[in-house]
Every structure is written in C-alpha cells, then in structure tokens.
Amino acid sequence: MIRDVVFAGVRVQARASGALYWPQCDTLIVADLHLGKSARMAARGGALLPPHETTDTLARLEAELHALNPARVISLGDAFEDALAPEALRAEETARLAAMAQGRDWLWITGNHDAAALPGFGTVADEITEQGVTLRHIAGAGPDISGHYHPKARLAGQARPAFLIGAEHLVLPAFGTYTGGLDCGVEPLASLVGPGLALLTGARLLACPLTRPTGRKDRRQRV
Amino acid sequence: MSTLPPRFAEWFAARGWSPHPHQLALLAATGNTLLIAPTGGGKTLAGFLPSLVDLAGGGKGLHTIYLSPLKALTADIARNLAAPVAELGLPIRIEDRTGDTSGAKRARQRVDPPNILLTTPESLALMLSYPEAPKIFAGLKRVIVDEIHALAEGKRGDQVMLGIARLKTLAPGLAVTGLSATVADPEGLAAFMGGAVILRADPGPAPDIAMLATRAPAPWSGGGAHYAVPDVMAAIAQARLTLVFVNTRAQAELFFQALWEVNDANLPIGLHHGSLSREARQRVEQAMAAGALRAVVCTGSLDLGIDWGDVDLVLQVGAPRLVTRLMQRIGRSNHRYDQPSRARLVPANRFEVIESVAALQAVDEGVLDGSPRGPGPLDVLCQQILLTACAGPFEAEALFDEVRSAGPYAALTRDDFDACLDLCATGGYALKAYDRWQRLMLRGGLWQLRDPRAARLIRMNIGTITASETLQVRLARSRGGAPLGQVEESFAATLEAGDTFLIGGKVVRFERLRDMIVEVQHTPTRNPRIAVFSGVKMASSLQLSHRVQALIGDPARWDQLPADIADWLEMQRRLSVLPRDGVLACETFPRGDRWFFCLYGFAGRNAHQTLGLLLTRQMEALGLGPLGFTPTDYALLIWSTDPVKDAAALLQPEVLKAGLDGWLAGNSLIKRTFRSVATVAGLLPRNLPGQRRSGRQATFSSDIIHDTLRRHDPGHLLLRITADEARRGLVDFDRIEDMLRTNPIIDHARPPHVTPLAAPVLMEIGRVSVEGEGREREMAREAERLMREAGLS
C-alpha cells in the first residue's frame with residue numbers, strides 16, 4: 001500500500017513497508033537497516049538474540065526492489081549496527097546485499113553507528129541534496145528527509161513504526177527488523193517535526209494527525 | 001535429639017505451654033520432612049526448634065537457612081524468633097537478607113554469615129551464584145521452606161528446589177523441612193521436595209462455614225456481588241475483625257468503594273491488594289495488627305504471611321474457585337488452635353451460588369482439590385545453568401545429576417538438559433551464528449563463562465517473577481507525590497488527560513505521564529473507569545467444576561440449592577438441555593436476527609476464551625458468519641449470522657488441536673507467555689526501572705523477536721517452552737482437552753429462544769468481537785476519526 005505525500009514541494013510515496021519512493025528520481029530510500037545487529041550485540045556480551053534479523057531485513061528490502069526496480073537506492077544511515085558489522089555478516093548475506101546493488105546506483109549516507117566502514121560497493125556521502133531537499137541521517141536545517149530516531153506512533157493502543165511528516169522535516173521509520181522506536185510525542189522528536197502527519201506502517205498505511213489535542217506531550221515509552 | 005532438652009522444656013512450662021506433638025515429632029525426625037499444619041498450629045516454631053536445640057551449645061558459621069516467599073515475612077520471623085532466643089539465652093545470631101538489605105550488610109554476610117539466615121528464593125539464588133558459595137554453605141545443616149504449598153504452585157518453587165539441590169552438593173547431609181498449609185496431595189508435595197517424611201499436625205476443629213444470608217437473591221450475572229453489600233456490612237459490624245477476600249484486584253477496588261457507600265457507622269475498613277504501593281499495604285497491615293481496623297477488603301495478597309490481627313470472620317466474595325485455597329483462607333480466622341474458624345461465602349451470581357454450594361459440600365466431605373503442576377519448566381533450568389556458571393566452571397554430567405535430584409526435575413531427560421545448556425551457551429539457534437561469541441564455553445571438560453564480566457548481567461536477571469509491564473501511579477506534586485500503586489502499561493496507554501480511574505479505593509484524575517510515572521490528582525468524580533489488571537484469571541479447579549456440573553445435572557439433589565436456583569434449573573430442564581456428568585451440553589437458538597450457540601464447558605474463562613477463538617475461526621471457514629463471543633467461567637456463548645447445526649463436527653479434538661498449533665501460535669496470549677519465558681531463560685534482558693526511564697530506542701519489543709524466531713527457527717527450544725506453558729496458563733488448552741475427554745457425549749439442543757442458563761451469559765460483559773483483521777479495522781476507524789477531528793480529511 002502506498003500513499004502519495006507532497007513534502008517541500010516534492011511528491012514522494014510512503015510505502016507500508018517503511019520505505020520511501022521518489023518517482024521523479026526513480027529512487028528508493030530506506031533508513032536504519034541496522035544490519036548485523038544481533039551478532040554485534042552478542043559480540044559485546046549482550047543477549048544472544050535470534051540471529052535472523054539480517055536475513056529478514058534483506059528479504060523485505062529485496063521485495064521492495066522487486067516491486068519497484070528503482071534506478072537508485074539511498075540508505076539514510078545506520079545501515080550497519082556498527083563499524084565491525086559489515087565484516088560480521090555471513091557470506092551469503094553479504095552476497096545477497098551486493099546482488100541487490102547490481103544494475104543500479106547505490107548511495108550510503110553515513111550514520112552515527114556506521115560512519116567508519118561500509119561495504120565495498122556503492123558510493124558514500126554525508127548528505128545529498130535533490131530538488132532543494134537534503135537527504136541526511138539526522139535532521140538538520142530543513143527541508144530534509146532523514147532517519148535516526150526510529151519514530152513510532154500509536155493508534156487504538158497499538159504502536160507501529162511511522163513516517164513523520166512536518167513542514168520542514170520528513171522522518172522515516174527504521175526499516176531494520178530489530179529496531180525499537182521512539183514515540184513521536186517524545187522530545188526531541190515532537191518539537192523537531194511539529195504539526196503534521198504520521199503515517200503508520202504495517203499491513204496497511206494509516207494516517208493520523210501529528211499534533212493531537214491531548215496532554216500526551218511527554219509520553220515516553222518502550223515500544 | 002529426639003526429646004526436648006530440659007532448658008527448652010522449662011521455657012515452654014514457664015509460659016504455661018506444652019509443645020504440640022508435631023513440634024516434638026519434627027524434632028525427632030531425621031532427613032527431609034514435610035510438616036502439614038493449619039495456620040495457628042505453631043508451624044514456624046516447629047520448623048526452627050531443631051535448629052535452636054542444635055545450636056544451643058553454640059555453633060559456628062551458617063547452620064540454617066529459612067526461605068519465605070514473602071520478603072516482609074523474613075523481618076517478622078526475625079522479630080518473633082528474637083524473643084525465645086533471648087529468653088533461652090541462646091548464643092545464636094539470626095539475620096535476614098532480602099533485596100532490601102543494605103549492600104554493606106550483604107557483603108559482610110558473604111564473609112561472616114549468621115547462624116540462621118532468613119531469606120527469599122531470589123536472594124538464595126543470588127548467593128549461590130557467587131564464587132564463594134562453596135565456602136559459605138559448606139557447614140549448612142538445615143533448610144526450612146515456609147509456605148511451601150504456595151511456592152510449589154509456581155516457578156519460584158522450582159527455582160528453590162534447584163537451589164536446594166545445589167546446596168546439597170555443597171553441604172552433603174543437609175536436611176530440608178517444608179512447612180505447608182493443608183493441601184490435597186501431601187505425597188505430591190513431598191515428591192516436589194525430592195522425597196520427605198510427612199508429618200501431620202492435628203487439623204483442629206471443623207470450620208463453621210456457610211453461605212452468607214442475604215436479603216436479595218444473587219443476580220443472574222456479573223462478578224461484583226454488590227447485591228450483598230448491605231449484608232456484608234452487617235456481618236462486619238457484628239464481628240471483631242473481618243477479612244473480605246475478593247477474587248480480583250479490580251473487583252476488590254469496586255467492592256471496597258461500594259462498602260464505604262453504605263458505611264454509615266464509619267467503621268474503619270481498609271483495602272489491601274498487590275497493585276497498591278508497598279507503603280499503602282504496610283499501613284493496612286500495621287493498622288490490622290494494632291487492632292485499628294474492623295475489616296480489610298483484600299485479594300490473594302493476604303493469603304500468606306503472619307497474622308496481622310485477631311481475625312474472627314472470613315468472607316469469600318465471588319466463587320471459591322479452589323476448595324483447598326478456600327480452606328486456607330478460612331484458616332485465617334480464629335487463629336486459636338482449639339476454636340473453629342468462621343467463614344461465610346458470598347457468591348456473585350447464580351452460577352457462583354451453585355459453585356459455592358458444591359464447595360461447601362467438598363469442605364464438609366474433607367475433599368480437597370488442586371492439579372499437579374507437571375515437570376519443572378526448562379526456562380527456570382536455563383537460568384539455573386547460567387547462575388551456576390557465574391559461581392564457577394562446572395561439569396555437565398555432574399550438574400545434570402544434581403538437577404535430577406530436585407523433585408520437579410526428577411524425570412528430566414539428558415536431551416532436554418543438553419538443549420538448555422546449548423541455549424545458555426549459544427542461544428540454541430538452528431543457525432550457529434554465535435559460536436565465536438557464545439556465553440558459555442567448554443574448556444578442559446568444564447563449562448564456564450566466555451567473559452567473566454557477563455556474570456553481572458546474568459545476576460541482574462535473577463528470579464522467575466515476570467510481572468506484566470506496570471507503571472507507578474503517583475500524586476502529581478512538585479517533588480514527586482505519594483505513590484498510590486501501579487497500573488498496567490497497556491491500561492496507562494489508553495488514558496487521556498482528564499480520565500478518571502479507581503486506585504487504592506480512591507478516584508483519581510489522570511494528569512500526564514512523566515518519566516514512566518502516571519501522575520494523577522484526587523478528584524471526587526463518580527463512575528470512574530476501572531484499571532485493568534490482566535493476567536491469568538484463575539479457573540475453578542477441575543474437581544470443583546465437575547461437582548458443579550454433577551449438581552446441575554441431578555434434579556434429585558436440587559433441594560440442596562436455594563429455591564430460586566432450583567426453579568431456574570427446572571425451567572432450563574423443561575426448555576432445553578442440562579449439563580450433567582459426562583455430557584457436554586450445548587444449545588443453538590435464535591434471538592433477533594442472530595443465531596446463538598451456547599456451550600456449557602465448565603472449563604474456566606481462559607479455556608473458554610481459547611475455545612471461542614478456535615471455534616469462531618472454524619465457523620468463519622464454514623460460512624456461518626460468527627460475529628462475536630463471550631467466555632465465562634462456566635460457558636461459552638457465540639453469536640453468528642447462521643446457526644451451528646453440527647456441534648460434534650465443530651468440537652473434534654484433532655481439528656481444535658490443529659488450530660492451536662497453527663494460527664493461534666501467533667496470538668497475543670502466546671506472545672505474552674513468550675516474553676516471560678525468554679526473560680526467565682536469560683535470553684531477553686529484564687527491563688530494569690533505571691533503563692526504562694531513559695526510554696531510548698535501544699530496546700525493542702519481544703513480539704518482534706518472537707515473530708522472527710517463529711519464521712526462521714520454528715523448532716527453537718524457547719518456542720517449545722512457551723507452547724507448553726501457554727497450554728496450561730493463558731491458553732489453557734489442557735482444560736479443553738480434559739473437557740472433551742470427560743464429556744464424551746455431546747447433547748445439542750435447539751430451543752426456540754434464549755434459555756434460562758444462557759441468559760446470564762448473554763448479559764455478561766467482556767465480549768470478544770470477531771472480525772477478519774479486527775485490529776486493523778479498529779485502528780483505521782480511529783485514524784479516520786482523528787483526521788476528521790483535525791479537519792484533515
């Protein structure tokens with residue numbers, strides 16, 4: 001399911017998967033894949049979580065590429081859990097990722113987790129500006145499209161990863177499977193985006209207004 | 001050591017006491033013992049007497065560990081023991097150690113332990129995880145497990161038994177004494193202890209127990225028993241101190257509120273339940289002890305513990321559910337050994353009247369109930385393996401033998417043990433991704449932590465209690481107002497500023513959520529919302545359910561029931577079917593433009609809810625258009641656009657089982673169970689209060705982990721443990737199977753309209769609506785409403 005959004009004069013499509021498609025540039029944008037997360041957590045002595053999230057994330061990304069066949073893919077930062085994660089991937093996972101980049105441009109925007117190292121294909125940049133809109137990891141001077149915060153929003157008691165769309169900032173939900181989230185009502189996210197629209201991802205996209213007429217401003221929760 | 005030394009005999013005599021026979025019997029016993037005694041039977045002193053006698057001549061180091069399920073109890077016991085120890089002039093040091101004990105004191109205890117240590121299961125597990133454990137416990141002679149009947153009902157008991165197995169390795173010759181209230185199956189409890197000699201105290205005179213006479217008859221449906229409030233008030237006024245047991249916390253809040261509305265004499269009545277703040281509970285306990293209260297409305301929170309007052313009446317509001325627990329509650333009154341306890345039952349609706357009558361008959365016949373819990377769960381074993389590794393390297397073979405010496409794990413297979421060891425070491429995944437990072441490694445034939453620093457994290461995860469996520473409720477003040485209690489996070493999430501709800505018997509208004517604290521103000525509003533406290537709703541025992549079914553199905557015995565109830569059943573008999581022994585009764589009838597299917601399963605609310613989910617799914621496939629269902633403790637009512645014609649086809653065990661294994665495995669009940677299991681097994685870190693406060697995006701939901709595991713690793717051990725646990729808990733599929741097995745005949749009636757037995761079920765709240773992707777629709781509706789309100793659509 002798709003929803004057309006006009007942001008800063010540019011028409012983009014929010015997808016129920018959490019990816020953003022920019023038809024005019026034939027570009028698919030995804031944020032915060034956090035590949036290699038469970039392996040890196042294990043290496044740091046943390047929990048031994050099921051080591052399947054990288055496969056899962058790649059499979060969902062493949063499905064999006066299959067559906068759209070975009071000329072370019074932009075990863076909005078934190079594609080990898082940390083600087084060592086690219087090497088921690090299993091060989092088949094690395095191969096699968098490289099295969100996805102075949103025949104199209106691939107741009108890695110650097111994030112706070114993976115600034116040091118990225119795999120050996122595609123180009124790397126801190127940010128890029130297209131038609132007056134900057135694409136970067138952490139929102140800065142708008143208008144920009146960014147990731148980093150893993151935003152979530154809540155409807156009828158259910159929290160889901162969500163696109164947040166304000167006047168100056170469009171924040172993407174995290175695409176990675178093992179990624180928690182920050183409620184859109186919590187600072188610094190709430191004041192960053194301001195009034196606008198939240199698009200909840202899931203089986204279908206659900207839109208709801210971002211400024212809600214209730215006293216939930218500093219709700220903070222684990223989702 | 002078979003008789004009381006003169007010094008002790010004189011002490012008893014000086015007080016005009018003589019030791020109870022069971023106190024002397026325990027003194028004479030050797031090896032493991034299980035003492036079954038009613039409350040007030042001098043059980044605790046009996047447990048400690050052998051230690052006091054043994055230590056009378058002086059002793060060095062740790063001699064006895066006393067384990068209690070309640071932290072508060074250890075402090076009370078320390079106080080109660082201080083008197084005889086001082087009066088007898090015994091050279092014994094007694095100390096307690098719980099989560100509340102200061103770090104300095106705990107550190108000192110590790111170097112210089114007292115002679116008698118009073119502690120909790122979690123604190124013992126923690127102590128056993130330290131490298132110096134062998135030194136601390138080497139000279140240990142006795143372990144006393146208090147309220148062992150309560151511990152044996154859950155995972156804490158399994159952890160205690162694993163801990164004791166460890167202690168026996170460290171201190172061969174250790175003797176264990178279990179102290180228990182009256183239970184249905186003492187032999188089973190002895191087996192749980194890994195074998196013990198059973199000693200029985202004189203049960204005392206038979207209790208004085210009956211139904212509470214009420215002016216109005218019990219209503220058709222509902223669980224509040226508010227019709228009886230004036231009668232309960234009158235009973236309280238006539239007694240010295242009354243305990244009013246209510247089955248759920250929400251009902252306790254409501255009943256407390258209703259009592260105060262008719263409390264014209266302003267009798268001091270308190271409220272006590274597990275969701276109130278510790279301060280609030282302690283205030284009530286102290287007021288009880290001081291004789292300042294006339295009644296306390298409480299839940300299971302007062303089932304255990306010392307006696308805080310001179311209770312002379314126990315009221316059970318709502319169905320008794322379990323005859324054994326009813327007996328234990330009755331024992332809370334008249335704590336004198338030679339006087340009968342006095343109790344009255346207050347059923348909330350007509351079905352509960354029948355259950356109460358059946359329970360009274362069981363009490364009269366002295367037949368107790370309760371089901372064996374099955375073998376020790378593997379998530380607790382995983383935690384034990386990790387904690388053992390924290391103490392030092394171990395040999396798998398030796399640990400396996402040790403674990404098997406614990407009663408709950410006597411039948412553990414080596415395969416299951418190895419699977420648990422693998423889960424602890426590598427996560428146990430089909431994909432061996434973590435071999436480099438495993439938590440436990442085998443070096444020189446011994447298993448040990450790869451990184452010793454991991455011990456700290458593992459210890460932080462200790463314990464088997466995993467409550468649902470709760471948030472503290474406080475009065476909003478500038479510097480943090482008084483804590484009132486806690487509500488579940490799922491309930492807090494539905495609150496909007498200005499909403500009112502009941503907590504601690506007071507109505508409060510939600511202001512805001514700040515730093516994971518629900519801030520509220522007092523408000524005099526009426527009709528507040530009720531905070532939900534979810535969790536396993538206890539079902540009536542199998543035995544009691546069978547009694548109820550048999551009583552309903554035998555018109556010759558209806559003279560044992562109140563006249564209005566007998567008339568009700570007679571009407572049912574004339575119009576439709578009666579549930580009876582060995583017969584699963586069900587009905588199909590039209591009402592309005594819908595068809596209703598009512599099944600009298602007597603399997604408890606959880607099982608009926610699961611059955612509702614399974615049956616409506618099948619009805620959907622058959623094109624019967626199910627619209628919703630209501631599960632109660634006694635029956636399941638489903639409504640649909642078309643009638644159920646072939647009940648037997650719908651109720652085939654294989655079909656139901658297939659549904660359970662298939663789609664239901666992704667159900668939210670299962671996910672809740674998974675979170676608890678994965679936490680106990682040490683795969684998911686516990687949510688610590690400090691961490692949650694920071695609220696960063698670092699944590700992610702256990703639901704995602706569950707879904708990922710199910711998709712990529714469906715054979716994983718944790719999924720197996722989860723399914724096993726849910727079958728007996730939230731999903732309660734075992735009860736459905738039992739229902740079908742014990743009622744092989746299906747009697748399906750087609751009355752022309754709603755029947756007397758079905759009418760109360762129709763009136764019950766708590767409906768579950770069935771919609772294809774119901775949740776999605778609900779969210780979409782909410783989204784549309786918000787967009788409209790904001791003028792965006």
# chains A, B, ... in the order shown; residues from 1 in each chain; ligands from 1
call {"tool": "residues_around", "arguments": {"residues": "Gln652 of chain B", "least_positions_apart": "4", "cutoff": "12 Å", "atoms": "only C-alpha atoms", "output": "list in words"}}
result
Leu611, Leu614, Leu615, Gln618, Asp646, Ala647, Ala648, Leu656, Lys657, Ala658, Gly659, Ile736, Glu737, Met739, Leu740, Arg741, Pro744 and Ile746 of chain B
call {"tool": "write_last_selection", "arguments": {"atoms": "N, CA and C atoms", "output": "mmCIF file, in the first residue's frame"}}
result
data_model
loop_
_atom_site.group_PDB
_atom_site.id
_atom_site.type_symbol
_atom_site.label_atom_id
_atom_site.label_comp_id
_atom_site.auth_asym_id
_atom_site.auth_seq_id
_atom_site.Cartn_x
_atom_site.Cartn_y
_atom_site.Cartn_z
ATOM 1 N N LEU B 611 -11.212 -21.534 23.335
ATOM 2 C CA LEU B 611 -12.174 -22.298 22.558
ATOM 3 C C LEU B 611 -12.982 -21.358 21.654
ATOM 4 N N LEU B 614 -10.905 -20.529 18.664
ATOM 5 C CA LEU B 614 -10.772 -21.673 17.758
ATOM 6 C C LEU B 614 -12.085 -21.958 17.018
ATOM 7 N N LEU B 615 -13.199 -21.930 17.760
ATOM 8 C CA LEU B 615 -14.484 -22.272 17.142
ATOM 9 C C LEU B 615 -14.938 -21.208 16.135
ATOM 10 N N GLN B 618 -13.246 -21.645 12.911
ATOM 11 C CA GLN B 618 -13.833 -22.726 12.096
ATOM 12 C C GLN B 618 -15.165 -22.315 11.507
ATOM 13 N N ASP B 646 -24.121 -28.651 13.412
ATOM 14 C CA ASP B 646 -23.422 -29.873 13.797
ATOM 15 C C ASP B 646 -22.336 -29.541 14.818
ATOM 16 N N ALA B 647 -22.719 -29.576 16.101
ATOM 17 C CA ALA B 647 -21.775 -29.206 17.163
ATOM 18 C C ALA B 647 -20.620 -30.202 17.249
ATOM 19 N N ALA B 648 -20.939 -31.477 17.039
ATOM 20 C CA ALA B 648 -19.909 -32.511 17.188
ATOM 21 C C ALA B 648 -18.774 -32.304 16.180
ATOM 22 N N LEU B 656 -9.378 -28.923 16.584
ATOM 23 C CA LEU B 656 -9.057 -27.862 17.535
ATOM 24 C C LEU B 656 -7.548 -27.792 17.753
ATOM 25 N N LYS B 657 -6.944 -28.966 17.895
ATOM 26 C CA LYS B 657 -5.505 -29.041 18.140
ATOM 27 C C LYS B 657 -4.727 -28.426 16.969
ATOM 28 N N ALA B 658 -5.194 -28.717 15.767
ATOM 29 C CA ALA B 658 -4.523 -28.180 14.583
ATOM 30 C C ALA B 658 -4.575 -26.658 14.589
ATOM 31 N N GLY B 659 -5.733 -26.117 14.965
ATOM 32 C CA GLY B 659 -5.877 -24.668 15.034
ATOM 33 C C GLY B 659 -4.950 -24.076 16.067
ATOM 34 N N ILE B 736 -9.415 -27.691 27.842
ATOM 35 C CA ILE B 736 -10.324 -28.005 26.735
ATOM 36 C C ILE B 736 -10.264 -29.503 26.438
ATOM 37 N N GLU B 737 -9.036 -30.015 26.407
ATOM 38 C CA GLU B 737 -8.891 -31.451 26.147
ATOM 39 C C GLU B 737 -9.559 -32.271 27.241
ATOM 40 N N MET B 739 -12.047 -31.314 29.077
ATOM 41 C CA MET B 739 -13.493 -31.157 28.919
ATOM 42 C C MET B 739 -14.036 -32.152 27.897
ATOM 43 N N LEU B 740 -13.331 -32.290 26.773
ATOM 44 C CA LEU B 740 -13.798 -33.186 25.722
ATOM 45 C C LEU B 740 -13.656 -34.650 26.143
ATOM 46 N N ARG B 741 -12.605 -34.932 26.912
ATOM 47 C CA ARG B 741 -12.359 -36.310 27.314
ATOM 48 C C ARG B 741 -13.386 -36.772 28.352
ATOM 49 N N PRO B 744 -17.754 -37.250 26.924
ATOM 50 C CA PRO B 744 -17.718 -37.796 25.558
ATOM 51 C C PRO B 744 -19.049 -37.629 24.809
ATOM 52 N N ILE B 746 -22.072 -35.485 23.410
ATOM 53 C CA ILE B 746 -22.438 -34.102 23.124
ATOM 54 C C ILE B 746 -23.954 -34.037 22.933
#
call {"tool": "residues_around", "arguments": {"residues": "segment 631-640 of chain B", "least_positions_apart": "6", "cutoff": "9 Å", "atoms": "only C-alpha atoms", "output": "ChimeraX atom specification"}}
result
/B:351,539-540,545,594-612,615-616,619,624-625,758,761-762,764,766-768
call {"tool": "closest_residue", "arguments": {"among": "A:His113, A:Arg60, A:Arg15, A:Arg154", "to": "chain B", "atoms": "only C-alpha atoms"}}
result
A:Arg154
call {"tool": "closest_residue", "arguments": {"among": "A:Pro195, A:Pro86, A:Gly9, A:Pro161", "to": "Ala39 of chain A", "atoms": "only C-alpha atoms"}}
result
A:Pro86
call {"tool": "residues_around", "arguments": {"residues": "segment 134-150 of chain B", "least_positions_apart": "2", "cutoff": "8 Å", "atoms": "only C-alpha atoms", "output": "PyMOL selection string"}}
result
chain B and resi 44+47-48+51+61-69+110-111+113+131-132+152-154+157+167+170-171+173-181+183+189+304
call {"tool": "closest_residue", "arguments": {"among": "A:Trp106, A:Tyr21, A:Phe121, A:Phe175", "to": "Asp78 of chain A", "atoms": "only C-alpha atoms"}}
result
A:Phe175
call {"tool": "residues_around", "arguments": {"residues": "Ser371 of chain B", "least_positions_apart": "2", "cutoff": "9 Å", "atoms": "only C-alpha atoms", "output": "list in words"}}
result
Ala184, Asp185, Asp369, Arg373, Gly374, Ser541, Leu542 and Gln543 of chain B
call {"tool": "select_by_dssp", "arguments": {"residues": "segment 36-201 of chain A", "states": "alpha helix (DSSP H)", "output": "number ranges by chain"}}
result
A: 37-43, 53-68, 85-88, 91-101, 189-193
call {"tool": "select_by_dssp", "arguments": {"residues": "segment 36-154 of chain A", "states": "strand (DSSP E or B)", "output": "list in words"}}
result
Arg72, Val73, Ile74, Ser75, Phe80, Asp105, Trp106, Leu107, Trp108, Ile109, Thr123, Val124, Ala125, Glu127, Ile128, Thr129, Glu130, Val133, Thr134, Leu135, Arg136, Asp144, Ile145, Ser146, Pro151, Lys152, Ala153 and Arg154 of chain A
